[in-house]
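What follows is the content of upload15.txt (compact mmCIF, C-alpha atoms).
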# COMPACT_ATOMS: atom_id res chain seq x y z
CA MET A 1 0.00 0.00 0.00
CA SER A 2 1.41 3.39 -1.01
CA PHE A 3 1.05 6.37 1.33
CA ASP A 4 -2.61 7.39 1.53
CA ALA A 5 -3.15 10.99 2.70
CA GLU A 6 -6.82 10.41 3.45
CA LEU A 7 -5.98 7.33 5.50
CA ALA A 8 -3.30 9.29 7.37
CA GLY A 9 -5.90 11.86 8.39
CA LEU A 10 -8.36 9.14 9.40
CA THR A 11 -5.85 7.21 11.49
CA ALA A 12 -4.74 10.43 13.21
CA ARG A 13 -8.32 10.98 14.36
CA MET A 14 -8.57 7.35 15.48
CA SER A 15 -5.33 7.70 17.45
CA ARG A 16 -6.80 10.75 19.18
CA SER A 17 -10.00 8.85 19.98
CA ALA A 18 -7.94 6.09 21.63
CA TYR A 19 -7.19 8.55 24.46
CA ARG A 20 -10.90 8.89 25.25
CA SER A 21 -13.23 6.62 27.22
CA ALA A 22 -14.68 3.57 25.50
CA ASP A 23 -18.08 5.22 25.07
CA ALA A 24 -16.63 8.48 23.77
CA ALA A 25 -14.34 6.64 21.34
CA ALA A 26 -17.27 4.56 20.10
CA GLY A 27 -19.18 7.76 19.40
CA ASP A 28 -16.24 9.21 17.50
CA ILE A 29 -15.90 6.11 15.36
CA SER A 30 -19.59 5.97 14.59
CA GLY A 31 -19.37 9.59 13.48
CA LEU A 32 -16.61 8.60 11.06
CA GLY A 33 -18.93 6.03 9.50
CA PHE A 34 -17.26 2.93 10.94
CA GLY A 35 -18.98 0.06 12.75
CA GLY A 36 -18.11 -3.08 14.69
CA PHE A 37 -16.47 -1.11 17.50
CA ARG A 38 -14.64 -3.24 20.08
CA TRP A 39 -12.77 -1.89 23.10
CA TYR A 40 -9.75 -3.65 24.61
CA SER A 41 -8.44 -2.72 28.04
CA ASP A 42 -6.19 -4.18 30.68
CA GLU A 43 -4.16 -2.72 33.52
CA SER A 44 -2.37 -0.08 31.45
CA THR A 45 -3.03 -0.83 27.76
CA GLN A 46 -6.09 0.37 25.91
CA ALA A 47 -7.00 -0.06 22.26
CA PHE A 48 -10.01 -0.43 20.01
CA SER A 49 -10.90 -1.92 16.65
CA CYS A 50 -13.56 -1.00 14.12
CA SER A 51 -14.53 -1.93 10.58
CA GLY A 52 -15.15 0.02 7.41
CA ALA A 53 -14.07 0.43 3.80
CA GLY A 54 -13.24 -3.27 3.62
CA ARG A 55 -10.66 -3.03 6.41
CA LEU A 56 -10.31 -3.59 10.13
CA HIS A 57 -8.68 -0.71 11.99
CA VAL A 58 -6.86 -1.17 15.30
CA ALA A 59 -5.81 1.91 17.30
CA PHE A 60 -3.68 1.87 20.47
CA ARG A 61 -3.69 4.51 23.18
CA GLY A 62 -0.47 6.40 23.88
CA THR A 63 1.25 7.36 27.11
CA GLU A 64 -0.88 8.83 29.87
CA ALA A 65 0.05 10.45 33.16
CA ASN A 66 0.17 7.27 35.19
CA PRO A 67 3.16 5.51 36.79
CA ILE A 68 2.66 2.24 34.89
CA ASP A 69 2.93 3.91 31.48
CA TRP A 70 6.08 5.81 32.42
CA THR A 71 7.65 2.73 34.00
CA ARG A 72 6.91 0.76 30.83
CA ASN A 73 8.48 3.46 28.65
CA ALA A 74 11.64 3.33 30.77
CA ARG A 75 12.11 -0.44 30.44
CA PHE A 76 14.67 -0.19 27.64
CA LYS A 77 16.21 -3.64 28.09
CA PRO A 78 15.56 -5.59 24.87
CA VAL A 79 14.13 -9.09 24.71
CA VAL A 80 13.82 -11.48 21.78
CA GLY A 81 10.29 -11.01 20.53
CA GLU A 82 8.41 -10.20 17.35
CA LEU A 83 9.96 -11.50 14.10
CA ASP A 84 12.68 -13.07 16.27
CA GLY A 85 14.24 -9.64 16.72
CA ARG A 86 15.23 -7.84 19.89
CA VAL A 87 12.51 -5.42 20.97
CA HIS A 88 11.80 -3.03 23.85
CA SER A 89 10.62 -5.20 26.75
CA GLY A 90 8.24 -2.58 28.14
CA PHE A 91 6.46 -2.04 24.84
CA ARG A 92 6.21 -5.78 24.26
CA SER A 93 4.58 -6.33 27.65
CA GLY A 94 2.03 -3.66 26.77
CA VAL A 95 0.94 -5.55 23.68
CA ASP A 96 0.84 -8.77 25.71
CA GLU A 97 -1.88 -7.34 27.96
CA VAL A 98 -4.53 -7.18 25.24
CA TRP A 99 -3.11 -9.36 22.48
CA GLY A 100 -5.42 -12.36 22.96
CA GLU A 101 -8.55 -10.26 22.46
CA VAL A 102 -7.04 -8.20 19.64
CA LEU A 103 -5.97 -11.29 17.71
CA SER A 104 -9.38 -12.86 18.21
CA GLY A 105 -11.00 -9.76 16.73
CA ILE A 106 -8.62 -9.80 13.77
CA ALA A 107 -9.29 -13.47 13.09
CA SER A 108 -13.07 -13.09 13.29
CA ALA A 109 -13.10 -10.02 11.05
CA ALA A 110 -11.08 -11.76 8.33
CA LYS A 111 -10.16 -8.42 6.73
CA PRO A 112 -6.89 -6.63 6.00
CA VAL A 113 -5.80 -4.70 9.09
CA VAL A 114 -4.57 -1.11 9.46
CA PHE A 115 -2.79 -0.31 12.73
CA THR A 116 -2.31 3.11 14.24
CA GLY A 117 -1.34 4.91 17.43
CA HIS A 118 0.37 7.99 18.84
CA SER A 119 3.49 7.97 21.02
CA LEU A 120 3.53 4.74 23.07
CA GLY A 121 0.45 3.74 21.06
CA GLY A 122 2.52 3.90 17.88
CA ALA A 123 5.12 1.56 19.37
CA LEU A 124 2.40 -0.90 20.42
CA ALA A 125 0.79 -0.68 16.97
CA THR A 126 4.10 -1.52 15.30
CA LEU A 127 4.67 -4.60 17.44
CA ALA A 128 1.03 -5.68 17.01
CA ALA A 129 1.41 -5.37 13.24
CA ALA A 130 4.48 -7.62 13.37
CA ARG A 131 2.57 -10.19 15.42
CA THR A 132 -0.38 -10.05 13.03
CA HIS A 133 1.92 -10.70 10.10
CA GLN A 134 3.48 -13.62 11.94
CA ALA A 135 0.01 -15.02 12.63
CA GLY A 136 -0.68 -15.13 8.89
CA HIS A 137 -3.11 -12.22 8.63
CA THR A 138 -2.81 -9.38 6.13
CA VAL A 139 -1.49 -6.04 7.39
CA ALA A 140 -2.70 -3.40 4.93
CA GLY A 141 -0.97 -0.47 6.62
CA VAL A 142 0.67 0.95 9.74
CA TYR A 143 0.34 4.71 10.36
CA THR A 144 1.96 6.02 13.53
CA PHE A 145 2.38 9.50 14.97
CA GLY A 146 5.32 10.56 17.13
CA GLN A 147 6.31 7.01 17.99
CA PRO A 148 9.52 6.00 19.78
CA ARG A 149 11.93 3.38 18.45
CA VAL A 150 10.79 -0.16 19.27
CA GLY A 151 13.60 -2.56 18.43
CA ARG A 152 17.25 -3.23 17.69
CA GLY A 153 18.83 -3.64 14.27
CA ASP A 154 17.82 -7.29 13.87
CA PHE A 155 14.16 -6.41 14.46
CA ARG A 156 14.39 -3.54 12.00
CA SER A 157 15.82 -5.77 9.28
CA ALA A 158 13.11 -8.40 9.72
CA TYR A 159 10.36 -5.80 9.98
CA GLU A 160 11.48 -3.97 6.84
CA ASP A 161 11.36 -7.22 4.89
CA ALA A 162 7.88 -8.01 6.18
CA LEU A 163 6.09 -4.67 6.54
CA GLY A 164 8.44 -1.81 5.71
CA GLU A 165 6.60 -0.95 2.49
CA VAL A 166 3.24 -0.44 4.26
CA THR A 167 4.51 1.32 7.40
CA TYR A 168 4.45 5.13 7.61
CA ARG A 169 5.96 6.90 10.59
CA LEU A 170 4.82 10.53 10.80
CA ILE A 171 7.13 12.92 12.66
CA ASN A 172 6.30 16.48 13.60
CA HIS A 173 9.59 18.36 13.32
CA ILE A 174 11.57 18.08 16.59
CA ASP A 175 9.17 15.75 18.42
CA ILE A 176 11.43 14.50 21.23
CA VAL A 177 9.66 11.15 21.65
CA THR A 178 10.74 10.06 18.17
CA ARG A 179 14.37 10.32 19.37
CA ILE A 180 14.06 7.64 22.07
CA PRO A 181 15.24 5.06 22.96
CA LEU A 182 18.59 6.35 21.75
CA MET A 183 20.45 4.99 18.74
CA ILE A 184 23.50 4.61 20.97
CA GLN A 185 21.43 2.02 22.87
CA GLY A 186 21.12 0.05 19.65
CA TYR A 187 17.51 0.98 18.82
CA ARG A 188 16.45 1.74 15.25
CA HIS A 189 13.27 3.06 13.62
CA VAL A 190 11.26 1.05 11.11
CA GLY A 191 9.08 2.02 8.18
CA GLN A 192 9.08 5.09 6.00
CA ARG A 193 9.74 8.51 7.49
CA ILE A 194 7.02 11.11 6.78
CA TYR A 195 8.43 14.39 8.08
CA PHE A 196 6.73 17.70 8.79
CA ASP A 197 9.23 20.57 9.03
CA ALA A 198 8.93 23.67 11.24
CA SER A 199 6.51 25.31 8.78
CA GLY A 200 4.29 22.23 8.62
CA SER A 201 5.41 21.30 5.10
CA LEU A 202 5.43 17.58 4.35
CA HIS A 203 8.57 15.76 3.16
CA PHE A 204 8.94 12.17 1.98
CA GLY A 205 12.26 10.38 2.24
CA THR A 206 13.94 13.12 4.25
CA SER A 207 17.40 11.99 5.33
CA ALA A 208 18.23 11.51 9.00
CA TRP A 209 20.94 14.17 8.58
CA LYS A 210 18.40 16.74 7.31
CA VAL A 211 16.10 16.00 10.25
CA ALA A 212 19.02 16.30 12.68
CA LEU A 213 20.12 19.62 11.16
CA ASP A 214 16.60 21.04 11.39
CA ASP A 215 16.52 19.87 14.99
CA ILE A 216 19.74 21.69 15.92
CA LYS A 217 18.72 24.90 14.16
CA TYR A 218 15.35 24.99 15.88
CA ARG A 219 16.69 24.27 19.36
CA LEU A 220 19.33 26.98 19.05
CA ALA A 221 16.71 29.47 17.84
CA HIS A 222 14.51 28.65 20.84
CA PHE A 223 17.24 28.36 23.45
CA GLY A 224 15.85 29.22 26.89
CA ARG A 225 12.25 28.43 25.96
CA ILE A 226 12.08 25.04 27.67
CA LYS A 227 8.95 23.49 26.17
CA GLU A 228 9.78 24.58 22.63
CA ALA A 229 13.48 23.69 22.80
CA ALA A 230 12.77 20.32 24.41
CA GLY A 231 10.47 19.28 21.56
CA LEU A 232 7.41 18.74 23.76
CA SER A 233 4.88 20.86 21.87
CA PRO A 234 5.39 19.05 18.53
CA HIS A 235 4.53 15.76 20.25
CA ASP A 236 0.96 16.80 21.08
CA MET A 237 -1.65 14.57 19.46
CA ALA A 238 -3.62 17.67 18.52
CA ALA A 239 -0.66 18.89 16.45
CA TYR A 240 -0.55 15.63 14.51
CA VAL A 241 -4.31 15.67 13.86
CA SER A 242 -4.01 19.24 12.56
CA LEU A 243 -1.06 18.40 10.30
CA ALA A 244 -2.59 15.19 8.96
CA GLY A 245 -5.80 17.07 8.22
CA THR A 246 -3.95 19.31 5.75
CA LEU A 247 -2.74 16.42 3.56

This entry written out as C-alpha cells:
Amino acid sequence: MSFDAELAGLTARMSRSAYRSADAAAGDISGLGFGGFRWYSDESTQAFSCSGAGRLHVAFRGTEANPIDWTRNARFKPVVGELDGRVHSGFRSGVDEVWGEVLSGIASAAKPVVFTGHSLGGALATLAAARTHQAGHTVAGVYTFGQPRVGRGDFRSAYEDALGEVTYRLINHIDIVTRIPLMIQGYRHVGQRIYFDASGSLHFGTSAWKVALDDIKYRLAHFGRIKEAAGLSPHDMAAYVSLAGTL
C-alpha cells in the first residue's frame, strides 16, 4: 500500500479517539462512518478496533500520566520477541496485555488490518502489526504519529522485509519522543519517514541528517524556551491531527 493521505488523516483521528473513554471513542468512530467497535483494556493498555471500507482498523492509546505507562516506557532492556528480533521489553509487555482479544478480533473479522497509534500507542501498533503478520493475517498499513523506536537492528531488518513498504511513521519536526530510545542504545526506527518541518510542510524520504540539522537549528533558535526547545509541543496529538488534516 502506497502512502494514503486520506488514511493518514483518518488514522490520526482514530489515534486521538484512543485517548478517550470507551463510550466516547465509540461515538467518534460511529461519526466517522465505521462500525463493529470493540474496546480492549487491561491494567495499562487500551486499544479499540472498528470496521469500514473493507478493512479492520486497530488503534492503540499512547502514554498517559500514570506511573505504569512511564515505568513501561523506561524499560529499555531488549528481549527477543516479534519476528525473532530484539525489541523493547516494556512495549512488548504492553501488547501482551490485550493481544489475545485483539488477535481474536482480527481473526473473526477476516479483513486486511490497518494499525495506528500515537506515542507509546505507535510503538504498540508496530509490534502488534508484526505479530499479526506472523500469525498469517494481512497487514494493509501501519500509520503512527510521534512514535519511539521499538527494536534493535535485527528487528528492523526483519520488519522492513515483512512490513516496511506499508509502514508510515509521521514525525512532527523536533518531536522528542521520536528520538528515544537512543540509537546509541542500539535501537532503530522502522518504516518510511514522513516528516513535517517547522513550517508544517510535508517531506517524503527526508534523510536523517536533514532532520538532525533542522533539529539543531530549531533548538538553538529557541534556546531558553524550555517546552519549545525540548520538543514537547510538537509531540501533542492535537498537532498531529491538525497536520494530517492538511494532507

Could you pull the residues within 8 Å of range 18-32 of chain A, counting only C-alpha atoms, minus those fewer than 4 positions along the same chain, as JSON, numbers by chain? {"A": [14, 37, 39, 46, 47, 48, 50, 59, 60, 61, 62, 117]}

I'd like the neighbourhood of Val79 in chain A as a list in words, where a residue qualifies if any of its atoms comes within 12 Å (using only C-alpha atoms), though same-chain residues fewer than 2 positions away should be ignored. Arg75, Phe76, Lys77, Gly81, Glu82, Leu83, Asp84, Gly85, Arg86, Val87, His88, Ser89, Gly90, Phe91, Arg92, Ser93, Val150, Gly151, Arg152, Asp154 and Phe155 of chain A

Contacts of range 189-197 of chain A at 9 Å or less, counting only C-alpha atoms, minus same-chain residues fewer than 5 places along, as a PyMOL selection string? chain A and resi 126+142+148-153+155-157+159-160+163-174+178+202-207+211+214+243

So which one's closest to Glu6 in chain A, A:Gly54, A:Tyr143, A:Arg188, A:Gly35? Using all atoms listed in the file, please.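 When distances to Glu6 in chain A are compared using all atoms listed in the file, the smallest one comes from A:Tyr143.
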
Using all atoms listed in the file, which of the listed residues (A:Ala198, A:Ala53, A:Val80, A:Ala110) sits closest to Gly136 in chain A?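 Going through A:Ala198, A:Ala53, A:Val80, A:Ala110 one by one, the smallest distance to Gly136 in chain A is for A:Ala110.
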
Considering only C-alpha atoms, state which residue in the set A:Arg179, A:His137, A:Lys210, A:Arg219 is at the smallest distance from Ser108 in chain A.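 Of A:Arg179, A:His137, A:Lys210, A:Arg219, the one nearest Ser108 in chain A is A:His137, counting only C-alpha atoms.
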
Counting all atoms listed in the file, the option among A:Leu232, A:Leu220, A:Val58, A:Ala130 closest to Asp161 in chain A: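 Closest to Asp161 in chain A, using all atoms listed in the file: A:Ala130.
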
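One distance worth recording is that between CA of Gly36 in chain A and CA of Ser49 in chain A, which is 7.6 Å.
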
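Considering the residues A:Gly146, A:Pro181, A:Gly245, A:Gly141 and counting all atoms listed in the file, Arg55 in chain A has its shortest atom-to-atom contact with A:Gly141.
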
If you measure from CA of Leu247 in chain A to CA of Ala12 in chain A, what distance in Å do you get, rounded to one decimal? 11.5 Å

Would you fill the gaps in range 157-180 of chain A so it has N, CA and C atoms, then print it as a PDB file, keeping the file's coordinate frame?
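Wrote it out as result_0.pdb, contents follow:
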ATOM      1  N   SER A 157      15.583  -5.065  10.533  1.00  0.00           N
ATOM      2  CA  SER A 157      15.820  -5.770   9.280  1.00  0.00           C
ATOM      3  C   SER A 157      14.657  -6.710   8.952  1.00  0.00           C
ATOM      4  N   ALA A 158      14.215  -7.462   9.946  1.00  0.00           N
ATOM      5  CA  ALA A 158      13.110  -8.400   9.720  1.00  0.00           C
ATOM      6  C   ALA A 158      11.814  -7.662   9.447  1.00  0.00           C
ATOM      7  N   TYR A 159      11.592  -6.566  10.165  1.00  0.00           N
ATOM      8  CA  TYR A 159      10.360  -5.800   9.980  1.00  0.00           C
ATOM      9  C   TYR A 159      10.320  -5.164   8.598  1.00  0.00           C
ATOM     10  N   GLU A 160      11.442  -4.604   8.162  1.00  0.00           N
ATOM     11  CA  GLU A 160      11.480  -3.970   6.840  1.00  0.00           C
ATOM     12  C   GLU A 160      11.151  -4.973   5.752  1.00  0.00           C
ATOM     13  N   ASP A 161      11.658  -6.182   5.872  1.00  0.00           N
ATOM     14  CA  ASP A 161      11.360  -7.220   4.890  1.00  0.00           C
ATOM     15  C   ASP A 161       9.876  -7.569   4.885  1.00  0.00           C
ATOM     16  N   ALA A 162       9.279  -7.580   6.067  1.00  0.00           N
ATOM     17  CA  ALA A 162       7.880  -8.010   6.180  1.00  0.00           C
ATOM     18  C   ALA A 162       6.881  -6.888   5.929  1.00  0.00           C
ATOM     19  N   LEU A 163       7.113  -5.712   6.537  1.00  0.00           N
ATOM     20  CA  LEU A 163       6.090  -4.670   6.540  1.00  0.00           C
ATOM     21  C   LEU A 163       6.606  -3.266   6.253  1.00  0.00           C
ATOM     22  N   GLY A 164       7.864  -3.137   5.918  1.00  0.00           N
ATOM     23  CA  GLY A 164       8.440  -1.810   5.710  1.00  0.00           C
ATOM     24  C   GLY A 164       7.718  -0.997   4.644  1.00  0.00           C
ATOM     25  N   GLU A 165       7.229  -1.658   3.607  1.00  0.00           N
ATOM     26  CA  GLU A 165       6.600  -0.950   2.490  1.00  0.00           C
ATOM     27  C   GLU A 165       5.212  -0.428   2.825  1.00  0.00           C
ATOM     28  N   VAL A 166       4.601  -0.906   3.906  1.00  0.00           N
ATOM     29  CA  VAL A 166       3.240  -0.440   4.260  1.00  0.00           C
ATOM     30  C   VAL A 166       3.236   0.321   5.575  1.00  0.00           C
ATOM     31  N   THR A 167       4.415   0.646   6.101  1.00  0.00           N
ATOM     32  CA  THR A 167       4.510   1.320   7.400  1.00  0.00           C
ATOM     33  C   THR A 167       4.963   2.764   7.200  1.00  0.00           C
ATOM     34  N   TYR A 168       4.175   3.695   7.755  1.00  0.00           N
ATOM     35  CA  TYR A 168       4.450   5.130   7.610  1.00  0.00           C
ATOM     36  C   TYR A 168       4.515   5.762   8.994  1.00  0.00           C
ATOM     37  N   ARG A 169       5.656   6.343   9.269  1.00  0.00           N
ATOM     38  CA  ARG A 169       5.960   6.900  10.590  1.00  0.00           C
ATOM     39  C   ARG A 169       5.991   8.420  10.478  1.00  0.00           C
ATOM     40  N   LEU A 170       4.921   9.076  10.926  1.00  0.00           N
ATOM     41  CA  LEU A 170       4.820  10.530  10.800  1.00  0.00           C
ATOM     42  C   LEU A 170       5.499  11.209  11.977  1.00  0.00           C
ATOM     43  N   ILE A 171       6.351  12.190  11.654  1.00  0.00           N
ATOM     44  CA  ILE A 171       7.130  12.920  12.660  1.00  0.00           C
ATOM     45  C   ILE A 171       6.859  14.403  12.515  1.00  0.00           C
ATOM     46  N   ASN A 172       6.494  15.034  13.599  1.00  0.00           N
ATOM     47  CA  ASN A 172       6.300  16.480  13.600  1.00  0.00           C
ATOM     48  C   ASN A 172       7.569  17.175  14.072  1.00  0.00           C
ATOM     49  N   HIS A 173       8.388  17.564  13.108  1.00  0.00           N
ATOM     50  CA  HIS A 173       9.590  18.360  13.320  1.00  0.00           C
ATOM     51  C   HIS A 173      10.477  17.811  14.436  1.00  0.00           C
ATOM     52  N   ILE A 174      10.593  18.497  15.574  1.00  0.00           N
ATOM     53  CA  ILE A 174      11.570  18.080  16.590  1.00  0.00           C
ATOM     54  C   ILE A 174      10.932  17.268  17.729  1.00  0.00           C
ATOM     55  N   ASP A 175       9.845  16.592  17.433  1.00  0.00           N
ATOM     56  CA  ASP A 175       9.170  15.750  18.420  1.00  0.00           C
ATOM     57  C   ASP A 175      10.201  14.882  19.162  1.00  0.00           C
ATOM     58  N   ILE A 176      10.385  15.145  20.442  1.00  0.00           N
ATOM     59  CA  ILE A 176      11.430  14.500  21.230  1.00  0.00           C
ATOM     60  C   ILE A 176      11.206  13.004  21.396  1.00  0.00           C
ATOM     61  N   VAL A 177       9.960  12.568  21.414  1.00  0.00           N
ATOM     62  CA  VAL A 177       9.660  11.150  21.650  1.00  0.00           C
ATOM     63  C   VAL A 177      10.176  10.279  20.508  1.00  0.00           C
ATOM     64  N   THR A 178      10.244  10.838  19.305  1.00  0.00           N
ATOM     65  CA  THR A 178      10.740  10.060  18.170  1.00  0.00           C
ATOM     66  C   THR A 178      12.251   9.830  18.250  1.00  0.00           C
ATOM     67  N   ARG A 179      12.918  10.453  19.211  1.00  0.00           N
ATOM     68  CA  ARG A 179      14.370  10.320  19.370  1.00  0.00           C
ATOM     69  C   ARG A 179      14.759   9.259  20.404  1.00  0.00           C
ATOM     70  N   ILE A 180      13.780   8.609  21.020  1.00  0.00           N
ATOM     71  CA  ILE A 180      14.060   7.640  22.070  1.00  0.00           C
ATOM     72  C   ILE A 180      13.413   6.284  21.751  1.00  0.00           C
TER      73      ILE A 180
END
